[in-house]
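This is final-v2.cif. It holds mmCIF, C-alpha atoms.
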data_protein
#
loop_
_atom_site.label_atom_id
_atom_site.label_comp_id
_atom_site.auth_asym_id
_atom_site.auth_seq_id
_atom_site.Cartn_x
_atom_site.Cartn_y
_atom_site.Cartn_z
CA MET A 1 47.77 86.72 47.52
CA GLU A 2 51.39 87.83 48.05
CA LEU A 3 51.54 86.04 51.42
CA GLU A 4 50.07 82.86 49.95
CA LEU A 5 52.72 82.90 47.21
CA LEU A 6 55.55 83.33 49.71
CA LEU A 7 54.21 80.51 51.88
CA SER A 8 54.02 78.22 48.85
CA GLN A 9 57.74 78.85 48.25
CA ILE A 10 58.78 77.48 51.66
CA THR A 11 60.17 73.96 51.47
CA PRO A 12 61.41 71.63 54.23
CA PRO A 13 65.11 71.42 55.17
CA GLU A 14 67.35 69.05 53.21
CA GLU A 15 67.58 65.82 55.20
CA SER A 16 70.48 64.52 53.11
CA VAL A 17 72.55 67.50 54.25
CA ARG A 18 71.52 66.87 57.85
CA GLN A 19 72.91 63.34 57.54
CA GLU A 20 76.13 64.69 56.03
CA ALA A 21 76.47 67.04 59.02
CA LYS A 22 75.81 64.15 61.38
CA ARG A 23 78.60 62.13 59.78
CA ARG A 24 80.92 65.08 60.29
CA TRP A 25 79.93 65.29 63.97
CA ASP A 26 80.43 61.56 64.41
CA ALA A 27 83.94 61.83 62.94
CA CYS A 28 84.98 64.42 65.56
CA GLY A 29 87.33 63.03 68.19
CA LYS A 30 84.83 62.88 71.05
CA PRO A 31 82.02 60.61 72.29
CA LEU A 32 79.09 60.40 69.89
CA GLY A 33 76.41 63.04 70.48
CA SER A 34 78.26 64.39 73.50
CA LEU A 35 77.47 68.03 72.75
CA GLY A 36 73.79 67.19 72.83
CA LEU A 37 71.43 69.90 71.61
CA LEU A 38 74.33 71.93 70.28
CA GLU A 39 75.03 69.18 67.75
CA ASP A 40 71.35 69.14 66.79
CA ALA A 41 71.38 72.91 66.28
CA ILE A 42 74.34 72.76 63.89
CA MET A 43 72.71 69.92 61.97
CA ASP A 44 69.46 71.93 61.80
CA ILE A 45 71.35 74.90 60.38
CA ALA A 46 73.12 72.72 57.81
CA ALA A 47 69.86 71.14 56.67
CA LEU A 48 68.15 74.54 56.41
CA THR A 49 70.93 76.23 54.46
CA GLY A 50 71.63 73.19 52.30
CA SER A 51 75.32 73.12 53.16
CA ALA A 52 77.21 71.04 55.70
CA THR A 53 79.79 73.84 55.81
CA VAL A 54 78.13 75.93 58.51
CA SER A 55 78.97 79.63 58.76
CA LEU A 56 77.59 81.98 61.42
CA ASP A 57 80.03 84.82 60.90
CA ARG A 58 77.49 87.65 60.45
CA ARG A 59 74.41 87.95 62.63
CA ALA A 60 71.75 90.41 63.76
CA VAL A 61 68.91 90.61 66.25
CA LEU A 62 65.73 92.19 64.89
CA VAL A 63 63.93 93.96 67.75
CA LEU A 64 60.34 94.71 66.72
CA CYS A 65 58.77 97.59 68.65
CA ALA A 66 55.04 98.27 68.87
CA ASP A 67 52.38 99.51 71.28
CA ASN A 68 49.26 97.75 72.46
CA GLY A 69 45.95 99.46 73.23
CA VAL A 70 45.15 96.98 75.99
CA VAL A 71 47.41 98.95 78.36
CA ALA A 72 44.29 101.06 78.97
CA GLN A 73 43.00 98.16 81.10
CA GLY A 74 45.73 98.56 83.74
CA VAL A 75 47.60 95.42 82.70
CA THR A 76 51.08 96.99 82.97
CA GLN A 77 53.15 98.96 85.45
CA THR A 78 54.09 101.62 82.91
CA ASP A 79 52.38 103.43 80.05
CA SER A 80 53.05 103.18 76.33
CA SER A 81 55.56 106.05 76.31
CA VAL A 82 58.18 103.62 77.64
CA THR A 83 58.18 101.66 74.37
CA GLY A 84 59.49 104.63 72.40
CA ILE A 85 62.04 105.51 75.08
CA VAL A 86 63.49 102.00 74.99
CA ALA A 87 63.47 101.97 71.17
CA ARG A 88 65.64 105.09 71.10
CA ASN A 89 68.00 103.51 73.62
CA LEU A 90 68.15 100.38 71.46
CA ALA A 91 69.29 102.57 68.57
CA ALA A 92 71.86 104.21 70.84
CA GLY A 93 73.26 100.85 71.97
CA ARG A 94 72.35 101.33 75.64
CA THR A 95 69.85 98.57 76.46
CA SER A 96 70.40 95.10 77.89
CA VAL A 97 70.33 93.33 74.55
CA CYS A 98 72.76 95.88 73.11
CA ARG A 99 75.34 95.18 75.77
CA MET A 100 74.93 91.41 75.37
CA ALA A 101 74.99 91.68 71.57
CA ALA A 102 78.30 93.55 71.71
CA TYR A 103 79.91 90.50 73.32
CA ALA A 104 78.21 88.17 70.84
CA ASP A 105 79.36 90.26 67.83
CA CYS A 106 75.72 90.70 66.87
CA ARG A 107 74.16 93.76 65.27
CA VAL A 108 71.02 95.18 66.94
CA VAL A 109 68.31 96.36 64.53
CA PRO A 110 65.33 98.11 66.19
CA VAL A 111 62.22 98.31 64.01
CA ASP A 112 59.18 100.52 64.54
CA MET A 113 56.22 98.30 63.70
CA GLY A 114 53.71 100.69 65.24
CA MET A 115 54.73 102.54 68.36
CA LYS A 116 52.21 105.07 69.61
CA ASP A 117 52.98 108.63 68.46
CA PHE A 118 56.59 107.70 67.72
CA ALA A 119 58.54 110.27 65.74
CA PRO A 120 61.19 108.96 63.33
CA ALA A 121 64.51 108.38 65.08
CA GLU A 122 67.97 107.72 63.71
CA GLY A 123 68.83 104.05 63.94
CA VAL A 124 65.22 102.84 64.17
CA LEU A 125 63.86 101.32 60.96
CA SER A 126 60.35 102.58 60.21
CA HIS A 127 57.88 99.94 59.08
CA ARG A 128 54.80 101.28 60.83
CA VAL A 129 51.62 99.30 60.32
CA GLY A 130 49.58 101.62 62.53
CA ASN A 131 49.81 104.02 65.47
CA GLY A 132 49.65 101.22 68.03
CA THR A 133 46.92 98.59 68.10
CA ALA A 134 43.40 98.96 69.46
CA ASP A 135 42.38 97.65 72.90
CA ILE A 136 41.79 93.91 72.41
CA SER A 137 39.39 93.81 75.36
CA GLN A 138 37.03 96.08 73.40
CA GLY A 139 37.45 94.74 69.86
CA PRO A 140 40.03 93.56 67.31
CA ALA A 141 43.63 94.68 67.71
CA MET A 142 43.89 95.47 64.00
CA THR A 143 42.37 94.68 60.62
CA ARG A 144 43.23 91.48 58.77
CA GLU A 145 44.98 93.59 56.15
CA GLN A 146 47.21 95.08 58.84
CA ALA A 147 48.01 91.63 60.23
CA GLU A 148 49.06 90.43 56.80
CA GLN A 149 51.06 93.63 56.23
CA ALA A 150 52.96 93.05 59.49
CA ILE A 151 53.70 89.43 58.55
CA LEU A 152 54.92 90.47 55.09
CA THR A 153 57.09 93.13 56.73
CA GLY A 154 58.77 90.47 58.86
CA ILE A 155 59.45 88.34 55.79
CA ALA A 156 60.86 91.35 53.93
CA LEU A 157 63.16 92.19 56.87
CA VAL A 158 64.73 88.73 56.60
CA LYS A 159 65.24 89.13 52.84
CA GLU A 160 66.93 92.49 53.46
CA GLN A 161 69.21 91.06 56.14
CA LYS A 162 70.22 88.18 53.87
CA GLU A 163 71.12 90.69 51.16
CA HIS A 164 73.39 92.35 53.75
CA GLY A 165 75.20 89.06 54.26
CA ILE A 166 73.58 88.05 57.56
CA ARG A 167 73.79 84.30 58.22
CA LEU A 168 72.03 84.07 61.60
CA LEU A 169 69.08 86.04 62.98
CA ALA A 170 67.72 86.44 66.48
CA THR A 171 64.25 87.73 67.33
CA GLY A 172 63.53 90.41 69.88
CA GLU A 173 60.67 92.73 70.78
CA MET A 174 59.79 95.79 72.80
CA GLY A 175 56.23 96.82 73.53
CA ILE A 176 54.47 97.70 76.76
CA GLY A 177 51.51 95.34 77.10
CA ASN A 178 52.81 92.64 74.78
CA THR A 179 52.85 89.87 77.39
CA THR A 180 49.06 90.40 77.55
CA THR A 181 48.60 89.98 73.81
CA THR A 182 51.01 87.05 73.86
CA SER A 183 49.05 85.26 76.58
CA ALA A 184 45.83 85.88 74.66
CA VAL A 185 47.23 84.40 71.43
CA ALA A 186 48.73 81.46 73.33
CA ALA A 187 45.47 80.69 75.14
CA VAL A 188 43.56 80.63 71.85
CA LEU A 189 46.10 78.59 69.86
CA LEU A 190 46.57 76.01 72.62
CA GLY A 191 42.97 75.96 73.81
CA ARG A 192 43.96 76.66 77.42
CA ASP A 193 42.53 78.89 80.11
CA PRO A 194 44.13 82.37 80.15
CA GLN A 195 45.05 81.92 83.80
CA GLU A 196 47.40 79.07 82.85
CA MET A 197 49.02 81.18 80.14
CA THR A 198 49.43 84.47 81.97
CA GLY A 199 52.27 85.71 84.17
CA ARG A 200 53.22 88.96 85.83
CA GLY A 201 55.16 90.29 82.83
CA ALA A 202 57.42 93.10 84.03
CA GLY A 203 56.29 92.61 87.64
CA LEU A 204 52.57 93.06 88.21
CA SER A 205 50.97 92.96 91.64
CA ASP A 206 48.33 90.36 92.47
CA GLU A 207 45.60 92.86 91.57
CA GLY A 208 47.37 93.78 88.36
CA LEU A 209 47.61 90.10 87.39
CA LYS A 210 43.87 89.69 87.99
CA ARG A 211 43.15 92.67 85.72
CA LYS A 212 45.43 91.19 83.06
CA ILE A 213 43.71 87.80 83.10
CA ALA A 214 40.27 89.46 83.07
CA ALA A 215 41.26 91.61 80.08
CA ILE A 216 42.43 88.56 78.15
CA ARG A 217 39.20 86.69 78.92
CA ARG A 218 37.16 89.67 77.71
CA ALA A 219 39.29 89.93 74.57
CA ILE A 220 38.68 86.30 73.66
CA ALA A 221 34.95 86.55 74.44
CA VAL A 222 34.47 89.78 72.48
CA ASN A 223 36.55 88.85 69.43
CA ARG A 224 36.00 85.07 69.22
CA PRO A 225 39.26 84.44 67.33
CA ASN A 226 39.41 81.33 65.17
CA ALA A 227 42.13 79.04 66.54
CA GLU A 228 42.38 77.33 63.14
CA ASP A 229 43.36 80.61 61.48
CA PRO A 230 46.56 82.13 62.99
CA ILE A 231 46.11 85.36 61.07
CA ASP A 232 42.64 85.77 62.54
CA VAL A 233 44.08 85.22 66.03
CA LEU A 234 46.86 87.77 65.47
CA GLN A 235 44.41 90.26 64.01
CA LYS A 236 41.95 90.03 66.87
CA VAL A 237 44.05 89.57 70.03
CA GLY A 238 47.68 89.98 68.90
CA GLY A 239 49.98 92.89 68.13
CA PHE A 240 52.08 94.33 65.33
CA ASP A 241 55.25 92.96 66.95
CA LEU A 242 53.85 89.43 67.20
CA ALA A 243 52.67 89.46 63.59
CA GLY A 244 56.00 90.87 62.42
CA MET A 245 57.96 88.19 64.28
CA CYS A 246 55.68 85.55 62.78
CA GLY A 247 56.87 86.91 59.45
CA ILE A 248 60.53 86.74 60.52
CA PHE A 249 60.24 83.01 61.19
CA LEU A 250 58.46 82.50 57.86
CA GLY A 251 61.13 84.60 56.16
CA GLY A 252 63.86 82.51 57.78
CA ALA A 253 62.34 79.43 56.20
CA ARG A 254 61.77 81.13 52.86
CA TYR A 255 65.28 82.60 52.58
CA ARG A 256 67.11 79.79 54.41
CA ILE A 257 68.37 81.88 57.33
CA PRO A 258 68.26 80.21 60.79
CA VAL A 259 66.30 82.24 63.34
CA LEU A 260 66.90 82.07 67.09
CA MET A 261 63.62 82.34 68.96
CA ASP A 262 63.78 84.36 72.18
CA GLY A 263 61.31 83.87 75.05
CA VAL A 264 57.57 83.34 75.25
CA ILE A 265 56.62 86.33 73.09
CA SER A 266 58.64 85.31 70.06
CA ALA A 267 57.80 81.65 70.74
CA VAL A 268 54.10 82.43 70.33
CA ALA A 269 54.93 84.25 67.09
CA ALA A 270 56.87 81.15 65.99
CA LEU A 271 53.86 78.97 66.78
CA CYS A 272 51.73 81.20 64.54
CA ALA A 273 54.30 80.78 61.77
CA VAL A 274 54.35 77.00 62.08
CA ARG A 275 50.55 76.85 62.15
CA LEU A 276 50.55 78.86 58.91
CA CYS A 277 53.31 76.76 57.32
CA PRO A 278 54.59 73.64 59.13
CA ALA A 279 57.81 73.64 57.06
CA ALA A 280 58.76 76.92 58.76
CA SER A 281 59.74 74.88 61.83
CA GLY A 282 63.01 74.02 60.10
CA ALA A 283 64.25 77.60 60.43
CA ILE A 284 63.49 77.95 64.15
CA LEU A 285 66.06 77.40 66.90
CA ALA A 286 64.95 77.59 70.55
CA SER A 287 67.37 79.68 72.60
CA HIS A 288 65.89 79.39 76.09
CA ILE A 289 62.73 78.61 78.04
CA SER A 290 61.03 81.68 79.45
CA ALA A 291 60.10 82.04 83.11
CA GLU A 292 56.63 83.11 81.94
CA PRO A 293 53.97 80.41 82.57
CA ALA A 294 53.24 79.76 78.88
CA GLY A 295 56.92 79.14 78.08
CA HIS A 296 57.00 75.37 78.37
CA TRP A 297 53.56 74.91 76.80
CA ILE A 298 54.65 76.78 73.67
CA LEU A 299 57.95 74.94 73.33
CA ASP A 300 56.13 71.63 73.71
CA ALA A 301 53.66 72.65 70.99
CA LEU A 302 56.56 73.57 68.71
CA GLY A 303 58.49 70.40 69.52
CA LYS A 304 61.55 72.49 70.39
CA ARG A 305 64.06 72.02 73.21
CA PRO A 306 65.87 75.06 74.63
CA LEU A 307 69.64 75.46 74.68
CA ILE A 308 69.44 77.52 77.90
CA THR A 309 67.37 77.13 81.07
CA ALA A 310 68.08 80.24 83.11
CA GLU A 311 64.60 81.57 84.08
CA MET A 312 65.10 84.63 81.88
CA ARG A 313 62.20 86.96 81.07
CA LEU A 314 63.78 90.25 80.05
CA GLY A 315 62.76 90.36 76.40
CA GLU A 316 64.45 92.51 73.73
CA GLY A 317 65.97 89.30 72.30
CA THR A 318 68.34 88.82 75.25
CA GLY A 319 67.79 85.07 75.51
CA ALA A 320 68.29 84.58 71.78
CA VAL A 321 71.50 86.62 71.79
CA ALA A 322 72.76 84.71 74.86
CA ALA A 323 72.63 81.51 72.80
CA ILE A 324 74.82 82.83 69.98
CA PRO A 325 78.17 82.17 71.72
CA LEU A 326 77.03 78.60 72.40
CA LEU A 327 76.41 78.12 68.68
CA ASP A 328 79.80 79.66 67.91
CA MET A 329 81.54 77.20 70.21
CA ALA A 330 79.61 74.27 68.77
CA ARG A 331 80.47 75.33 65.22
CA ALA A 332 84.15 75.59 66.20
CA VAL A 333 84.18 72.00 67.42
CA TYR A 334 82.21 70.85 64.37
CA ALA A 335 84.47 72.60 61.85
CA GLU A 336 87.88 72.69 63.50
CA SER A 337 88.37 69.84 65.97
CA TYR A 338 90.56 66.86 65.14
CA THR A 339 88.96 63.65 63.91
CA PHE A 340 89.44 60.05 64.97
CA ASP A 341 91.37 59.50 61.74
CA ASP A 342 93.67 62.45 62.52
CA ALA A 343 94.52 60.97 65.89
CA GLY A 344 94.75 57.36 64.76
CA ILE A 345 91.99 56.39 67.18
CA GLU A 346 89.31 53.87 66.38
CA ALA A 347 86.04 55.75 65.99
CA TYR A 348 83.22 55.35 68.46
CA THR A 349 80.27 53.28 67.27
CA PRO A 350 76.70 53.36 68.54
CA GLN A 351 76.16 50.84 71.34
CA GLY A 352 72.88 49.21 72.33
CA THR A 353 71.67 49.42 75.92
CA ASP A 354 72.10 46.46 78.28
CA ALA A 355 69.00 44.41 78.81
#

Output the structure of this file as structure tokens.
Amino acid sequence: MELELLLSQITPPEESVRQEAKRRWDACGKPLGSLGLLEDAIMDIAALTGSATVSLDRRAVLVLCADNGVVAQGVTQTDSSVTGIVARNLAAGRTSVCRMAAYADCRVVPVDMGMKDFAPAEGVLSHRVGNGTADISQGPAMTREQAEQAILTGIALVKEQKEHGIRLLATGEMGIGNTTTTSAVAAVLLGRDPQEMTGRGAGLSDEGLKRKIAAIRRAIAVNRPNAEDPIDVLQKVGGFDLAGMCGIFLGGARYRIPVLMDGVISAVAALCAVRLCPAASGAILASHISAEPAGHWILDALGKRPLITAEMRLGEGTGAVAAIPLLDMARAVYAESYTFDDAGIEAYTPQGTDA
């Protein structure tokens, strides 16, 4: 009931503000639309926040950490203990996203959504839904109640960050086995064969990739998730991190905070959010297109175009954080560049194409 109420409170972005932002862009002393998708991103942020005065001065990347029982099927190079090790290093500022975030002036917030046997650690927020999920190839990953709890946790994290003055969020994740759950959710939501949706993750061998695809096929056959019900899909073949990120995108829409989507894992979570509430799309910005096979399928389904095409697949929110300086530069042009009027230049006008 609580989730239904929150979803009912999500409204679409304000198109009148988008048009105001477009007029501001068009007044800048440069060719119309010449910053391409960067202009679109600033207009999207203005429409979402309801203000053409765009501010991105405080930002954070929420890195949701959780373990996945499907690792028992030999679908990864490493075991679940690595998730907790990386989470502690996230808190200590040592991981890849931490180093990138330092340059982007972005706070890193690791969150324990359900790491296996993880003891509380300083700097890691504890929002445990369970002690890792069950093996999806044998049965459901979690209960429906747990899936809804994880989604509500993601929404609550956004509310908390807004109260701390955050104006831009990025999504990240850490969880051994989560490219397997991601591929399973993607295959169900898009109605595609798991082989099309599944890559090598952190570097599987040919045999490892075969085991991964076989595990996903068994998971879908055993659980029979309902593609028309995203919560059912997350419950049966997803993970706590995916469900939590789904909540972050919904929370971004509810609390009017733009959210940078990372790679294929957070993109699948975003697709779940949009399937639950189409208006949530207004809060989602696509940072990059993942090198994982499902990357372009998911972006197409979301109707999103990436700011970066760099064949990244690291995770942790690295792609999302990499896009932050691009948004900063775009905002600087939007807010601070001279206008045609300032320069005494006749403004550009839209031109039709030659026949």

| message | Once the PyMOL selection byres ((chain A and resi 119) around 12) is applied to the coordinates I shared, what remains selected? I want it as a list in words. | response | Ser81, Gly84, Ile85, Ala87, Arg88, Asp112, Gly114, Met115, Lys116, Asp117, Phe118, Pro120, Ala121, Glu122, Val124, Leu125, Ser126, Arg128 and Asn131 of chain A

| request: Give me the residues within 7 Å of Arg18 in chain A as number ranges by chain, counting only C-alpha atoms and dropping any in the same chain fewer than 4 places off. | output: A: 14, 22, 43-44, 46-47

Determine, counting all atoms listed in the file, which protein, DNA and RNA residues have an atom within 8 Å of an atom of Cys28 in chain A; residues of the same chain fewer than 3 positions away are not included. Present the result as an mmCIF file with C-alpha atoms, in the coordinates of the input.
data_model
loop_
_atom_site.group_PDB
_atom_site.id
_atom_site.type_symbol
_atom_site.label_atom_id
_atom_site.label_comp_id
_atom_site.auth_asym_id
_atom_site.auth_seq_id
_atom_site.Cartn_x
_atom_site.Cartn_y
_atom_site.Cartn_z
ATOM 1 C CA ARG A 24 80.920 65.080 60.290
ATOM 2 C CA TRP A 25 79.930 65.290 63.970
ATOM 3 C CA VAL A 333 84.180 72.000 67.420
ATOM 4 C CA TYR A 334 82.210 70.850 64.370
ATOM 5 C CA SER A 337 88.370 69.840 65.970
ATOM 6 C CA TYR A 338 90.560 66.860 65.140
ATOM 7 C CA THR A 339 88.960 63.650 63.910
ATOM 8 C CA PHE A 340 89.440 60.050 64.970
#

| query | A:Gly177, A:Pro12, A:Pro140, A:Gly263: which is nearest Val233 in chain A, counting all atoms listed in the file? | reply |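 For Val233 in chain A, the nearest of the given residues is A:Pro140.
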
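Compared by their closest atoms to Gly130 in chain A, and using all atoms listed in the file, the residues A:Thr95, A:Met174, A:Thr179, A:Gly69 rank with A:Gly69 nearest.
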
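Closest approach to Gly201 in chain A among A:Val75, A:Ala134, A:Met329, A:Val61 is made by A:Val75 (distances from all atoms listed in the file).
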
| message | Taking only C-alpha atoms into account, name the residue in A:Ala72, A:Met261, A:Leu90, A:Ala60 that is nearest to Gln161 in chain A. | response | A:Ala60

| said: Give me the residues near Ala243 in chain A as a PyMOL selection string, where near means some atom within 12 Å (using all atoms listed in the file) and where sequence neighbours in that chain fewer than 5 positions away do not count. | reply: chain A and resi 64-66+113-114+129+133+141-155+173+178+181-182+185+230-238+248-250+265-273+276
